[in-house]
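Engineer: Quick one, run.cif (mmCIF, C-alpha atoms, pLDDT in the B column; chains and numbers go by the auth columns):
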```
data_coords
#
loop_
_atom_site.group_PDB
_atom_site.id
_atom_site.type_symbol
_atom_site.label_atom_id
_atom_site.label_comp_id
_atom_site.label_asym_id
_atom_site.label_seq_id
_atom_site.Cartn_x
_atom_site.Cartn_y
_atom_site.Cartn_z
_atom_site.B_iso_or_equiv
_atom_site.auth_seq_id
_atom_site.auth_asym_id
ATOM 1 C CA MET A 1 133.958 78.014 124.277 54.00 1 A
ATOM 2 C CA ALA A 2 135.286 74.430 124.346 54.00 2 A
ATOM 3 C CA THR A 3 134.707 72.423 121.157 59.00 3 A
ATOM 4 C CA ASP A 4 136.571 69.263 122.059 68.00 4 A
ATOM 5 C CA GLY A 5 138.731 69.747 119.000 72.00 5 A
ATOM 6 C CA GLY A 6 135.797 69.325 116.536 81.00 6 A
ATOM 7 C CA PRO A 7 134.732 71.811 113.865 85.00 7 A
ATOM 8 C CA VAL A 8 132.992 74.903 115.142 84.00 8 A
ATOM 9 C CA PRO A 9 129.398 75.060 113.866 81.00 9 A
ATOM 10 C CA PRO A 10 128.498 78.323 112.120 78.00 10 A
ATOM 11 C CA LYS A 11 126.495 80.786 114.127 81.00 11 A
ATOM 12 C CA PRO A 12 122.764 80.523 113.351 81.00 12 A
ATOM 13 C CA HIS A 13 122.482 84.057 112.021 84.00 13 A
ATOM 14 C CA ARG A 14 125.332 83.338 109.570 85.00 14 A
ATOM 15 C CA VAL A 15 123.386 80.387 108.173 85.00 15 A
ATOM 16 C CA LEU A 16 120.318 82.576 107.734 88.00 16 A
ATOM 17 C CA LEU A 17 122.272 85.366 106.064 89.00 17 A
ATOM 18 C CA ASP A 18 123.959 82.927 103.677 89.00 18 A
ATOM 19 C CA ARG A 19 120.616 81.469 102.713 89.00 19 A
ATOM 20 C CA VAL A 20 118.991 84.859 102.091 91.00 20 A
ATOM 21 C CA SER A 21 121.905 86.110 100.019 92.00 21 A
ATOM 22 C CA GLY A 22 121.813 82.835 98.072 92.00 22 A
ATOM 23 C CA TYR A 23 118.177 83.440 97.148 93.00 23 A
ATOM 24 C CA ALA A 24 118.961 87.056 96.231 94.00 24 A
ATOM 25 C CA ASP A 25 121.804 85.914 93.968 94.00 25 A
ATOM 26 C CA GLU A 26 119.493 83.415 92.265 93.00 26 A
ATOM 27 C CA ALA A 27 116.852 86.082 91.694 91.00 27 A
ATOM 28 C CA ALA A 28 119.397 88.541 90.324 91.00 28 A
ATOM 29 C CA ALA A 29 120.746 85.913 87.934 90.00 29 A
ATOM 30 C CA TYR A 30 117.210 85.106 86.770 87.00 30 A
ATOM 31 C CA MET A 31 116.472 88.767 86.058 82.00 31 A
ATOM 32 C CA ARG A 32 119.788 89.136 84.229 82.00 32 A
ATOM 33 C CA ARG A 33 119.057 86.104 82.032 82.00 33 A
ATOM 34 C CA ARG A 34 115.567 87.441 81.354 76.00 34 A
ATOM 35 C CA ARG A 35 116.927 90.842 80.255 73.00 35 A
ATOM 36 C CA VAL A 36 119.470 89.261 77.982 70.00 36 A
ATOM 37 C CA SER A 37 117.195 86.667 76.419 73.00 37 A
ATOM 38 C CA ARG A 38 114.063 88.773 75.992 75.00 38 A
ATOM 39 C CA ARG A 39 113.865 90.412 72.591 82.00 39 A
ATOM 40 C CA PRO A 40 111.400 93.057 71.425 89.00 40 A
ATOM 41 C CA PHE A 41 108.086 91.618 70.258 91.00 41 A
ATOM 42 C CA ALA A 42 104.651 92.689 69.075 94.00 42 A
ATOM 43 C CA ARG A 43 101.747 90.506 70.073 95.00 43 A
ATOM 44 C CA LEU A 44 98.044 90.867 69.348 95.00 44 A
ATOM 45 C CA TYR A 45 95.289 89.155 71.304 95.00 45 A
ATOM 46 C CA PHE A 46 91.807 88.523 69.982 93.00 46 A
ATOM 47 C CA ALA A 47 88.457 88.158 71.663 87.00 47 A
ATOM 48 C CA GLU A 48 88.233 84.403 71.252 85.00 48 A
ATOM 49 C CA GLY A 49 91.592 83.899 72.951 87.00 49 A
ATOM 50 C CA ARG A 50 93.781 83.642 69.884 91.00 50 A
ATOM 51 C CA ALA A 51 97.060 85.540 69.836 93.00 51 A
ATOM 52 C CA SER A 52 99.442 86.370 67.018 93.00 52 A
ATOM 53 C CA ASP A 53 103.074 87.424 67.055 92.00 53 A
ATOM 54 C CA HIS A 54 104.506 89.823 64.498 92.00 54 A
ATOM 55 C CA ALA A 55 108.230 89.899 63.898 88.00 55 A
ATOM 56 C CA ALA A 56 109.933 93.273 63.791 85.00 56 A
ATOM 57 C CA ASP A 57 111.072 92.645 60.212 87.00 57 A
ATOM 58 C CA SER A 58 107.542 91.947 58.948 90.00 58 A
ATOM 59 C CA VAL A 59 105.407 94.766 57.534 91.00 59 A
ATOM 60 C CA ALA A 60 102.787 94.571 60.282 92.00 60 A
ATOM 61 C CA GLY A 61 105.410 94.148 62.972 93.00 61 A
ATOM 62 C CA GLY A 62 107.335 97.164 61.745 94.00 62 A
ATOM 63 C CA GLU A 63 104.192 99.301 61.770 95.00 63 A
ATOM 64 C CA LEU A 64 103.307 98.125 65.261 95.00 64 A
ATOM 65 C CA PHE A 65 106.782 99.033 66.524 96.00 65 A
ATOM 66 C CA VAL A 66 106.555 102.482 64.946 96.00 66 A
ATOM 67 C CA ALA A 67 103.113 103.119 66.462 96.00 67 A
ATOM 68 C CA ALA A 68 104.286 101.852 69.858 96.00 68 A
ATOM 69 C CA GLY A 69 107.411 104.007 69.619 96.00 69 A
ATOM 70 C CA ARG A 70 105.275 107.105 69.195 96.00 70 A
ATOM 71 C CA LEU A 71 103.267 106.233 72.308 96.00 71 A
ATOM 72 C CA ILE A 72 106.461 105.647 74.280 96.00 72 A
ATOM 73 C CA GLU A 73 107.633 109.056 73.130 95.00 73 A
ATOM 74 C CA VAL A 74 104.391 110.679 74.332 94.00 74 A
ATOM 75 C CA ALA A 75 104.624 108.996 77.708 93.00 75 A
ATOM 76 C CA GLY A 76 108.172 110.235 78.117 88.00 76 A
ATOM 77 C CA LYS A 77 110.549 109.093 80.765 76.00 77 A
ATOM 78 C CA ARG A 78 109.371 107.926 84.099 65.00 78 A
ATOM 79 C CA PRO A 79 109.597 110.694 86.681 57.00 79 A
ATOM 80 C CA LYS A 80 112.221 110.021 89.324 44.00 80 A
ATOM 81 C CA GLN A 81 110.694 109.092 92.638 52.00 81 A
ATOM 82 C CA MET B 1 85.215 100.708 68.903 45.00 1 B
ATOM 83 C CA ALA B 2 83.204 97.559 69.241 43.00 2 B
ATOM 84 C CA ASP B 3 83.349 95.217 72.145 45.00 3 B
ATOM 85 C CA ASP B 4 81.094 92.243 72.651 42.00 4 B
ATOM 86 C CA GLN B 5 82.694 91.129 75.902 41.00 5 B
ATOM 87 C CA THR B 6 80.136 92.686 78.178 40.00 6 B
ATOM 88 C CA SER B 7 76.416 92.802 78.198 40.00 7 B
ATOM 89 C CA GLY B 8 73.977 95.192 79.739 41.00 8 B
ATOM 90 C CA VAL B 9 73.986 98.930 79.901 43.00 9 B
ATOM 91 C CA GLU B 10 77.302 100.672 79.360 51.00 10 B
ATOM 92 C CA MET B 11 77.831 104.299 80.186 55.00 11 B
ATOM 93 C CA THR B 12 80.345 106.704 78.797 66.00 12 B
ATOM 94 C CA PRO B 13 82.177 107.941 81.861 71.00 13 B
ATOM 95 C CA ALA B 14 82.806 111.621 82.439 74.00 14 B
ATOM 96 C CA GLY B 15 86.322 112.926 82.022 76.00 15 B
ATOM 97 C CA GLU B 16 86.660 113.550 85.729 85.00 16 B
ATOM 98 C CA THR B 17 85.744 109.958 86.547 90.00 17 B
ATOM 99 C CA ALA B 18 88.174 108.697 83.938 92.00 18 B
ATOM 100 C CA GLU B 19 90.897 110.854 85.502 93.00 19 B
ATOM 101 C CA VAL B 20 90.264 109.151 88.833 93.00 20 B
ATOM 102 C CA ALA B 21 90.438 105.770 87.108 93.00 21 B
ATOM 103 C CA LEU B 22 93.709 106.625 85.382 94.00 22 B
ATOM 104 C CA ALA B 23 95.186 107.873 88.659 94.00 23 B
ATOM 105 C CA TYR B 24 94.137 104.616 90.289 93.00 24 B
ATOM 106 C CA LEU B 25 95.727 102.582 87.496 94.00 25 B
ATOM 107 C CA THR B 26 98.926 104.606 87.859 92.00 26 B
ATOM 108 C CA GLU B 27 98.913 104.037 91.586 92.00 27 B
ATOM 109 C CA MET B 28 98.484 100.278 91.138 91.00 28 B
ATOM 110 C CA SER B 29 101.212 99.944 88.516 90.00 29 B
ATOM 111 C CA PRO B 30 104.584 101.201 89.697 89.00 30 B
ATOM 112 C CA ASP B 31 106.106 100.599 86.248 90.00 31 B
ATOM 113 C CA LEU B 32 103.622 102.870 84.479 94.00 32 B
ATOM 114 C CA ARG B 33 105.111 105.904 82.715 95.00 33 B
ATOM 115 C CA GLY B 34 101.911 107.239 81.261 95.00 34 B
ATOM 116 C CA GLY B 35 98.551 106.236 79.906 95.00 35 B
ATOM 117 C CA ALA B 36 95.186 107.239 78.564 96.00 36 B
ATOM 118 C CA ILE B 37 91.577 106.154 78.641 96.00 37 B
ATOM 119 C CA LEU B 38 89.500 106.608 75.507 95.00 38 B
ATOM 120 C CA ASP B 39 85.830 106.253 74.725 92.00 39 B
ATOM 121 C CA SER B 40 84.251 104.158 71.986 86.00 40 B
ATOM 122 C CA GLY B 41 84.774 106.935 69.442 89.00 41 B
ATOM 123 C CA GLY B 42 88.454 107.234 70.224 91.00 42 B
ATOM 124 C CA ALA B 43 88.113 110.502 72.146 93.00 43 B
ATOM 125 C CA VAL B 44 90.406 110.874 75.136 94.00 44 B
ATOM 126 C CA LEU B 45 88.589 110.828 78.472 94.00 45 B
ATOM 127 C CA ALA B 46 91.783 111.021 80.497 94.00 46 B
ATOM 128 C CA ALA B 47 95.460 111.125 79.686 94.00 47 B
ATOM 129 C CA SER B 48 98.633 111.572 81.663 93.00 48 B
ATOM 130 C CA ASP B 49 99.482 114.538 79.414 90.00 49 B
ATOM 131 C CA GLN B 50 99.106 115.739 75.793 92.00 50 B
ATOM 132 C CA PRO B 51 95.634 114.229 75.226 93.00 51 B
ATOM 133 C CA GLU B 52 95.665 115.058 71.518 95.00 52 B
ATOM 134 C CA ARG B 53 98.878 113.090 70.968 95.00 53 B
ATOM 135 C CA TRP B 54 97.478 110.151 72.929 96.00 54 B
ATOM 136 C CA ARG B 55 94.306 110.203 70.803 96.00 55 B
ATOM 137 C CA GLU B 56 96.218 110.214 67.529 96.00 56 B
ATOM 138 C CA ASP B 57 98.807 107.649 68.514 96.00 57 B
ATOM 139 C CA ALA B 58 96.319 105.294 70.160 96.00 58 B
ATOM 140 C CA ALA B 59 94.123 105.423 67.044 96.00 59 B
ATOM 141 C CA ALA B 60 97.194 104.707 64.903 96.00 60 B
ATOM 142 C CA LEU B 61 98.166 101.721 67.048 96.00 61 B
ATOM 143 C CA PHE B 62 94.687 100.175 66.884 94.00 62 B
ATOM 144 C CA ALA B 63 94.462 100.856 63.151 94.00 63 B
ATOM 145 C CA VAL B 64 97.780 99.097 62.534 93.00 64 B
ATOM 146 C CA ALA B 65 96.701 96.202 64.752 93.00 65 B
ATOM 147 C CA GLU B 66 93.429 95.834 62.821 91.00 66 B
ATOM 148 C CA ARG B 67 95.264 95.820 59.510 90.00 67 B
ATOM 149 C CA ALA B 68 97.742 93.232 60.767 86.00 68 B
ATOM 150 C CA ASP B 69 95.171 90.546 61.314 82.00 69 B
ATOM 151 C CA GLU B 70 91.870 91.475 59.678 77.00 70 B
ATOM 152 C CA GLU B 71 90.123 90.775 62.931 81.00 71 B
ATOM 153 C CA GLN B 72 88.903 92.743 65.928 86.00 72 B
ATOM 154 C CA VAL B 73 91.913 93.067 68.214 93.00 73 B
ATOM 155 C CA GLU B 74 91.220 93.122 71.918 95.00 74 B
ATOM 156 C CA GLN B 75 94.704 93.546 73.360 96.00 75 B
ATOM 157 C CA VAL B 76 97.983 94.794 71.978 97.00 76 B
ATOM 158 C CA HIS B 77 101.330 94.291 73.676 96.00 77 B
ATOM 159 C CA VAL B 78 104.471 95.676 72.089 96.00 78 B
ATOM 160 C CA ALA B 79 107.751 95.346 73.960 94.00 79 B
ATOM 161 C CA THR B 80 110.651 97.450 72.748 93.00 80 B
ATOM 162 C CA GLU B 81 114.062 98.357 74.110 89.00 81 B
ATOM 163 C CA GLN B 82 112.686 101.740 75.190 91.00 82 B
ATOM 164 C CA GLY B 83 109.612 100.511 77.035 93.00 83 B
ATOM 165 C CA GLU B 84 106.434 98.517 76.633 95.00 84 B
ATOM 166 C CA VAL B 85 103.031 99.486 75.291 97.00 85 B
ATOM 167 C CA PHE B 86 99.804 97.865 76.420 97.00 86 B
ATOM 168 C CA ALA B 87 96.498 98.611 74.747 97.00 87 B
ATOM 169 C CA LEU B 88 93.191 97.081 75.697 96.00 88 B
ATOM 170 C CA ARG B 89 89.647 97.476 74.444 95.00 89 B
ATOM 171 C CA HIS B 90 86.967 96.441 76.845 92.00 90 B
ATOM 172 C CA ALA B 91 83.385 97.338 77.618 90.00 91 B
ATOM 173 C CA GLY B 92 83.256 99.936 74.856 91.00 92 B
ATOM 174 C CA LEU B 93 86.289 101.785 76.209 94.00 93 B
ATOM 175 C CA ALA B 94 89.995 101.586 75.547 96.00 94 B
ATOM 176 C CA ALA B 95 93.016 101.975 77.775 96.00 95 B
ATOM 177 C CA ILE B 96 96.608 102.542 76.724 97.00 96 B
ATOM 178 C CA ALA B 97 99.531 102.176 79.090 97.00 97 B
ATOM 179 C CA VAL B 98 103.232 102.737 78.553 97.00 98 B
ATOM 180 C CA THR B 99 105.516 101.100 81.075 95.00 99 B
ATOM 181 C CA GLU B 100 109.129 100.425 81.821 93.00 100 B
ATOM 182 C CA ARG B 101 110.611 97.295 80.271 88.00 101 B
ATOM 183 C CA PHE B 102 109.726 93.938 81.833 85.00 102 B
ATOM 184 C CA ALA B 103 106.440 95.039 83.355 89.00 103 B
ATOM 185 C CA LEU B 104 104.191 92.156 84.358 89.00 104 B
ATOM 186 C CA ALA B 105 101.898 91.972 81.344 92.00 105 B
ATOM 187 C CA SER B 106 99.141 89.742 82.690 92.00 106 B
ATOM 188 C CA LEU B 107 98.848 91.795 85.863 93.00 107 B
ATOM 189 C CA LEU B 108 98.699 95.074 83.991 95.00 108 B
ATOM 190 C CA PHE B 109 96.107 93.793 81.522 95.00 109 B
ATOM 191 C CA PHE B 110 94.050 92.515 84.455 94.00 110 B
ATOM 192 C CA ASP B 111 94.184 95.920 86.162 94.00 111 B
ATOM 193 C CA MET B 112 93.347 97.751 82.935 95.00 112 B
ATOM 194 C CA ARG B 113 90.427 95.441 82.277 94.00 113 B
ATOM 195 C CA SER B 114 88.985 95.822 85.759 93.00 114 B
ATOM 196 C CA VAL B 115 89.325 99.609 85.609 94.00 115 B
ATOM 197 C CA LEU B 116 87.525 99.761 82.251 94.00 116 B
ATOM 198 C CA ARG B 117 84.813 97.370 83.409 92.00 117 B
ATOM 199 C CA ASP B 118 84.148 99.492 86.457 92.00 118 B
ATOM 200 C CA LEU B 119 84.170 102.724 84.464 92.00 119 B
ATOM 201 C CA ALA B 120 81.721 101.294 81.952 90.00 120 B
ATOM 202 C CA GLY B 121 79.466 100.212 84.770 88.00 121 B
ATOM 203 C CA GLY B 122 79.242 103.752 86.124 83.00 122 B
ATOM 204 C CA GLY B 123 82.025 103.502 88.722 81.00 123 B
ATOM 205 C CA ASP B 124 85.201 105.506 88.982 80.00 124 B
ATOM 206 C CA GLY B 125 87.452 102.652 87.957 75.00 125 B
ATOM 207 C CA ARG B 126 88.405 101.658 91.460 78.00 126 B
ATOM 208 C CA GLY B 127 85.759 98.992 91.791 75.00 127 B
ATOM 209 C CA ALA B 128 84.354 97.747 95.044 56.00 128 B
ATOM 210 C CA GLY B 129 87.842 97.363 96.503 50.00 129 B
ATOM 211 C CA ALA B 130 88.384 101.082 96.905 49.00 130 B
ATOM 212 C CA ALA B 131 87.490 102.632 100.204 42.00 131 B
#
```
Go through the file and emit its structure as C-alpha coordinates.
Structural biologist:
Amino acid sequence: MATDGGPVPPKPHRVLLDRVSGYADEAAAYMRRRRVSRRPFARLYFAEGRASDHAADSVAGGELFVAAGRLIEVAGKRPKQ
Amino acid sequence: MADDQTSGVEMTPAGETAEVALAYLTEMSPDLRGGAILDSGGAVLAASDQPERWREDAAALFAVAERADEEQVEQVHVATEQGEVFALRHAGLAAIAVTERFALASLLFFDMRSVLRDLAGGGDGRGAGAA
(Lines of atoms letter the chains of each structure in order from A and count residues from 1; the text may use other names and numbers.)
(Lines give C-alpha, C1' and ligand atoms only; values in the text may rest on other atoms or scores of the structure.)
Protein backbone atom coordinates (compact mmCIF):
# COMPACT_ATOMS: atom_id res chain seq x y z
CA MET A 1 0.00 0.00 0.00
CA ALA A 2 1.46 3.39 -0.98
CA THR A 3 1.68 5.94 1.85
CA ASP A 4 3.47 8.73 0.04
CA GLY A 5 6.21 8.57 2.64
CA GLY A 6 3.89 9.65 5.53
CA PRO A 7 3.30 7.73 8.76
CA VAL A 8 1.17 4.64 8.44
CA PRO A 9 -2.07 5.01 10.42
CA PRO A 10 -2.74 2.17 12.87
CA LYS A 11 -5.24 -0.41 11.78
CA PRO A 12 -8.70 0.30 13.23
CA HIS A 13 -8.87 -2.93 15.20
CA ARG A 14 -5.53 -2.07 16.86
CA VAL A 15 -6.98 1.23 18.07
CA LEU A 16 -9.99 -0.58 19.50
CA LEU A 17 -7.87 -3.22 21.21
CA ASP A 18 -5.59 -0.58 22.74
CA ARG A 19 -8.57 1.30 24.08
CA VAL A 20 -10.19 -1.79 25.61
CA SER A 21 -6.97 -2.93 27.24
CA GLY A 22 -6.47 0.62 28.55
CA TYR A 23 -9.85 0.49 30.28
CA ALA A 24 -9.07 -2.98 31.66
CA ASP A 25 -5.76 -1.74 33.05
CA GLU A 26 -7.52 1.20 34.72
CA ALA A 27 -10.11 -1.10 36.28
CA ALA A 28 -7.46 -3.51 37.52
CA ALA A 29 -5.49 -0.65 39.08
CA TYR A 30 -8.65 0.64 40.77
CA MET A 31 -9.41 -2.78 42.26
CA ARG A 32 -5.80 -3.13 43.41
CA ARG A 33 -5.89 0.27 45.14
CA ARG A 34 -9.21 -0.63 46.74
CA ARG A 35 -7.82 -3.91 48.13
CA VAL A 36 -4.78 -2.20 49.52
CA SER A 37 -6.53 0.80 51.02
CA ARG A 38 -9.60 -0.93 52.44
CA ARG A 39 -9.14 -1.96 56.05
CA PRO A 40 -11.43 -4.16 58.14
CA PHE A 41 -14.34 -2.26 59.68
CA ALA A 42 -17.49 -2.82 61.70
CA ARG A 43 -20.43 -0.59 60.94
CA LEU A 44 -23.90 -0.50 62.45
CA TYR A 45 -26.92 1.10 60.82
CA PHE A 46 -30.01 2.24 62.69
CA ALA A 47 -33.61 2.62 61.68
CA GLU A 48 -33.55 6.40 61.45
CA GLY A 49 -30.62 6.32 59.05
CA ARG A 50 -27.81 6.88 61.51
CA ALA A 51 -24.70 4.74 61.23
CA SER A 52 -21.81 4.18 63.61
CA ASP A 53 -18.33 2.82 63.03
CA HIS A 54 -16.51 0.76 65.63
CA ALA A 55 -12.75 0.46 65.47
CA ALA A 56 -11.24 -2.99 65.83
CA ASP A 57 -9.33 -1.88 68.93
CA SER A 58 -12.46 -0.68 70.74
CA VAL A 59 -14.39 -3.04 73.04
CA ALA A 60 -17.52 -3.07 70.88
CA GLY A 61 -15.52 -3.32 67.69
CA GLY A 62 -13.53 -6.25 69.02
CA GLU A 63 -16.71 -8.08 70.01
CA LEU A 64 -18.26 -7.42 66.62
CA PHE A 65 -15.19 -8.82 64.86
CA VAL A 66 -15.25 -11.93 67.04
CA ALA A 67 -18.96 -12.51 66.39
CA ALA A 68 -18.48 -11.92 62.66
CA GLY A 69 -15.49 -14.27 62.64
CA ARG A 70 -17.64 -17.06 64.04
CA LEU A 71 -20.22 -16.54 61.29
CA ILE A 72 -17.50 -16.56 58.64
CA GLU A 73 -16.29 -19.83 60.12
CA VAL A 74 -19.79 -21.34 59.91
CA ALA A 75 -20.20 -20.26 56.31
CA GLY A 76 -16.89 -21.85 55.42
CA LYS A 77 -15.08 -21.37 52.18
CA ARG A 78 -16.88 -20.67 49.00
CA PRO A 79 -17.36 -23.83 46.97
CA LYS A 80 -15.33 -23.83 43.77
CA GLN A 81 -17.48 -23.33 40.72
CA MET B 1 -36.82 -8.98 67.24
CA ALA B 2 -38.70 -5.77 66.76
CA ASP B 3 -39.06 -3.95 63.51
CA ASP B 4 -41.22 -0.92 62.95
CA GLN B 5 -40.30 -0.49 59.30
CA THR B 6 -43.36 -2.17 57.90
CA SER B 7 -47.00 -1.97 58.66
CA GLY B 8 -49.83 -4.35 58.09
CA VAL B 9 -50.04 -8.06 58.60
CA GLU B 10 -46.78 -9.97 58.76
CA MET B 11 -46.63 -13.71 58.51
CA THR B 12 -44.00 -16.07 59.77
CA PRO B 13 -42.93 -17.94 56.66
CA ALA B 14 -42.63 -21.71 56.64
CA GLY B 15 -39.17 -23.23 56.56
CA GLU B 16 -39.67 -24.48 53.03
CA THR B 17 -40.56 -21.01 51.79
CA ALA B 18 -37.57 -19.55 53.59
CA GLU B 19 -35.35 -22.16 51.91
CA VAL B 20 -36.60 -20.98 48.53
CA ALA B 21 -35.89 -17.39 49.55
CA LEU B 22 -32.37 -18.23 50.71
CA ALA B 23 -31.70 -20.13 47.47
CA TYR B 24 -32.90 -17.10 45.54
CA LEU B 25 -30.65 -14.78 47.54
CA THR B 26 -27.71 -17.11 46.90
CA GLU B 27 -28.49 -17.16 43.22
CA MET B 28 -28.63 -13.36 43.06
CA SER B 29 -25.39 -12.84 44.98
CA PRO B 30 -22.41 -14.56 43.38
CA ASP B 31 -20.16 -13.53 46.29
CA LEU B 32 -22.32 -15.26 48.90
CA ARG B 33 -20.64 -18.08 50.84
CA GLY B 34 -23.52 -18.88 53.12
CA GLY B 35 -26.45 -17.38 54.93
CA ALA B 36 -29.50 -17.85 57.08
CA ILE B 37 -32.98 -16.48 57.54
CA LEU B 38 -34.36 -16.23 61.06
CA ASP B 39 -37.75 -15.43 62.50
CA SER B 40 -38.60 -12.79 65.08
CA GLY B 41 -37.68 -15.15 67.92
CA GLY B 42 -34.28 -15.89 66.47
CA ALA B 43 -35.19 -19.39 65.28
CA VAL B 44 -33.61 -20.44 62.00
CA LEU B 45 -36.10 -20.79 59.15
CA ALA B 46 -33.43 -21.58 56.58
CA ALA B 47 -29.67 -21.87 56.64
CA SER B 48 -27.02 -22.91 54.17
CA ASP B 49 -25.86 -25.53 56.70
CA GLN B 50 -25.51 -26.09 60.47
CA PRO B 51 -28.70 -24.21 61.45
CA GLU B 52 -27.92 -24.42 65.16
CA ARG B 53 -24.57 -22.67 64.69
CA TRP B 54 -26.20 -19.99 62.56
CA ARG B 55 -28.84 -19.41 65.26
CA GLU B 56 -26.28 -19.05 68.03
CA ASP B 57 -23.83 -16.92 66.10
CA ALA B 58 -26.49 -14.66 64.60
CA ALA B 59 -27.97 -14.08 68.06
CA ALA B 60 -24.48 -13.30 69.38
CA LEU B 61 -23.84 -10.80 66.58
CA PHE B 62 -27.12 -8.95 67.17
CA ALA B 63 -26.58 -8.99 70.93
CA VAL B 64 -23.12 -7.45 70.54
CA ALA B 65 -24.50 -4.87 68.10
CA GLU B 66 -27.26 -3.91 70.56
CA ARG B 67 -24.76 -3.51 73.37
CA ALA B 68 -22.48 -1.39 71.20
CA ASP B 69 -24.97 1.38 70.71
CA GLU B 70 -27.88 1.03 73.12
CA GLU B 71 -30.25 1.33 70.22
CA GLN B 72 -32.18 -0.99 67.93
CA VAL B 73 -29.75 -1.94 65.18
CA GLU B 74 -31.23 -2.54 61.76
CA GLN B 75 -28.16 -3.50 59.75
CA VAL B 76 -24.73 -4.78 60.64
CA HIS B 77 -21.80 -4.86 58.23
CA VAL B 78 -18.47 -6.23 59.37
CA ALA B 79 -15.65 -6.50 56.85
CA THR B 80 -12.67 -8.62 57.80
CA GLU B 81 -9.68 -10.04 55.96
CA GLN B 82 -11.43 -13.42 55.81
CA GLY B 83 -14.76 -12.24 54.43
CA GLU B 84 -17.67 -9.94 55.11
CA VAL B 85 -20.75 -10.38 57.26
CA PHE B 86 -24.06 -8.69 56.54
CA ALA B 87 -26.96 -8.86 58.95
CA LEU B 88 -30.31 -7.22 58.43
CA ARG B 89 -33.52 -7.10 60.43
CA HIS B 90 -36.60 -6.24 58.47
CA ALA B 91 -40.30 -6.94 58.61
CA GLY B 92 -39.97 -9.02 61.76
CA LEU B 93 -37.40 -11.33 60.18
CA ALA B 94 -33.63 -11.35 60.03
CA ALA B 95 -31.18 -12.36 57.34
CA ILE B 96 -27.48 -13.06 57.73
CA ALA B 97 -25.12 -13.34 54.79
CA VAL B 98 -21.42 -14.12 54.66
CA THR B 99 -19.65 -13.13 51.48
CA GLU B 100 -16.25 -12.90 49.91
CA ARG B 101 -14.32 -9.70 50.54
CA PHE B 102 -15.34 -6.58 48.62
CA ALA B 103 -18.93 -7.63 48.01
CA LEU B 104 -21.19 -4.76 46.99
CA ALA B 105 -22.77 -3.89 50.32
CA SER B 106 -25.64 -1.68 49.18
CA LEU B 107 -26.71 -4.19 46.55
CA LEU B 108 -26.62 -7.09 48.97
CA PHE B 109 -28.55 -5.20 51.65
CA PHE B 110 -31.12 -4.25 49.01
CA ASP B 111 -31.53 -7.88 47.95
CA MET B 112 -31.75 -9.08 51.55
CA ARG B 113 -34.34 -6.45 52.36
CA SER B 114 -36.51 -7.27 49.37
CA VAL B 115 -36.34 -10.99 50.12
CA LEU B 116 -37.38 -10.44 53.75
CA ARG B 117 -40.16 -8.04 52.75
CA ASP B 118 -41.57 -10.57 50.33
CA LEU B 119 -41.28 -13.42 52.82
CA ALA B 120 -43.06 -11.39 55.48
CA GLY B 121 -45.81 -10.59 53.03
CA GLY B 122 -46.50 -14.27 52.41
CA GLY B 123 -44.33 -14.69 49.30
CA ASP B 124 -41.38 -16.98 48.76
CA GLY B 125 -38.82 -14.21 48.78
CA ARG B 126 -38.60 -13.89 45.04
CA GLY B 127 -41.11 -11.09 44.78
CA ALA B 128 -43.12 -10.28 41.71
CA GLY B 129 -40.01 -10.44 39.53
CA ALA B 130 -39.75 -14.21 39.70
CA ALA B 131 -41.41 -16.20 36.98
Engineer: Applying 12 Å and all atoms listed in the file, which residues near Leu107 of chain B remain after dropping the ones on its own chain fewer than 2 positions away? List them as a CSV table (one decimal) with C-alpha atoms, in the coordinates of the input.
Structural biologist:
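Result file out_17.csv:
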```csv
chain,number,residue,atom,x,y,z
B,25,LEU,CA,95.7,102.6,87.5
B,28,MET,CA,98.5,100.3,91.1
B,29,SER,CA,101.2,99.9,88.5
B,30,PRO,CA,104.6,101.2,89.7
B,31,ASP,CA,106.1,100.6,86.2
B,86,PHE,CA,99.8,97.9,76.4
B,102,PHE,CA,109.7,93.9,81.8
B,103,ALA,CA,106.4,95.0,83.4
B,104,LEU,CA,104.2,92.2,84.4
B,105,ALA,CA,101.9,92.0,81.3
B,109,PHE,CA,96.1,93.8,81.5
B,110,PHE,CA,94.0,92.5,84.5
B,111,ASP,CA,94.2,95.9,86.2
B,112,MET,CA,93.3,97.8,82.9
B,113,ARG,CA,90.4,95.4,82.3
B,114,SER,CA,89.0,95.8,85.8
```
Engineer: Got a sec to pull out which chain B residues are within 9 Å of chain A, counting only C-alpha atoms, and send them as number ranges by chain?
Structural biologist: B: 3-5, 31-35, 48-50, 53-54, 57-58, 60-62, 64-65, 67-69, 71-86, 96-100, 102
Engineer: Could you work out how far atom CA of Leu119 of chain B lies from atom CA of Ala91 of chain B, giving the answer in Å with one decimal?
Structural biologist: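 Interatomic distance, atom CA of Ala91 of chain B to atom CA of Leu119 of chain B: 8.7 Å.
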Engineer: Please, what distance in Å, to one decimal, runs between atom CA of Glu52 of chain B and atom CA of His90 of chain B?
Structural biologist: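 Atom-to-atom, atom CA of Glu52 of chain B to atom CA of His90 of chain B, that is 21.2 Å.
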Engineer: Just to confirm, what's the straight-line distance from atom CA of Val44 of chain B to atom CA of Glu19 of chain B in Å (one decimal)?
Structural biologist: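 Going from atom CA of Val44 of chain B over to atom CA of Glu19 of chain B, I get 10.4 Å.
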Engineer: Would you place a box with edges along x, y and z of the file around all atoms of segment 41-50 of chain B listed there, add 8 Å to each of its six sides, and report the centre and edge lengths in Å to one decimal, as JSON?
Structural biologist:
```
{"center_x": 92.1, "center_y": 111.3, "center_z": 75.6, "size_x": 30.7, "size_y": 24.8, "size_z": 28.2}
```
Engineer: Extract, using all atoms listed in the file, all DNA, RNA and protein residues at most 9 Å from Val115 of chain B, discarding same-chain residues fewer than 6 positions from it, and format them as an NGL selection string.
Structural biologist: :B and (21-22 or 24-25 or 95 or 123-127)
Engineer: Tell me which residues come within 10 Å of (79.9, 103.4, 81.6), as a PyMOL selection string, counting only C-alpha atoms in the file's coordinates.
Structural biologist: chain B and resi 9-14+39+91-93+116-125
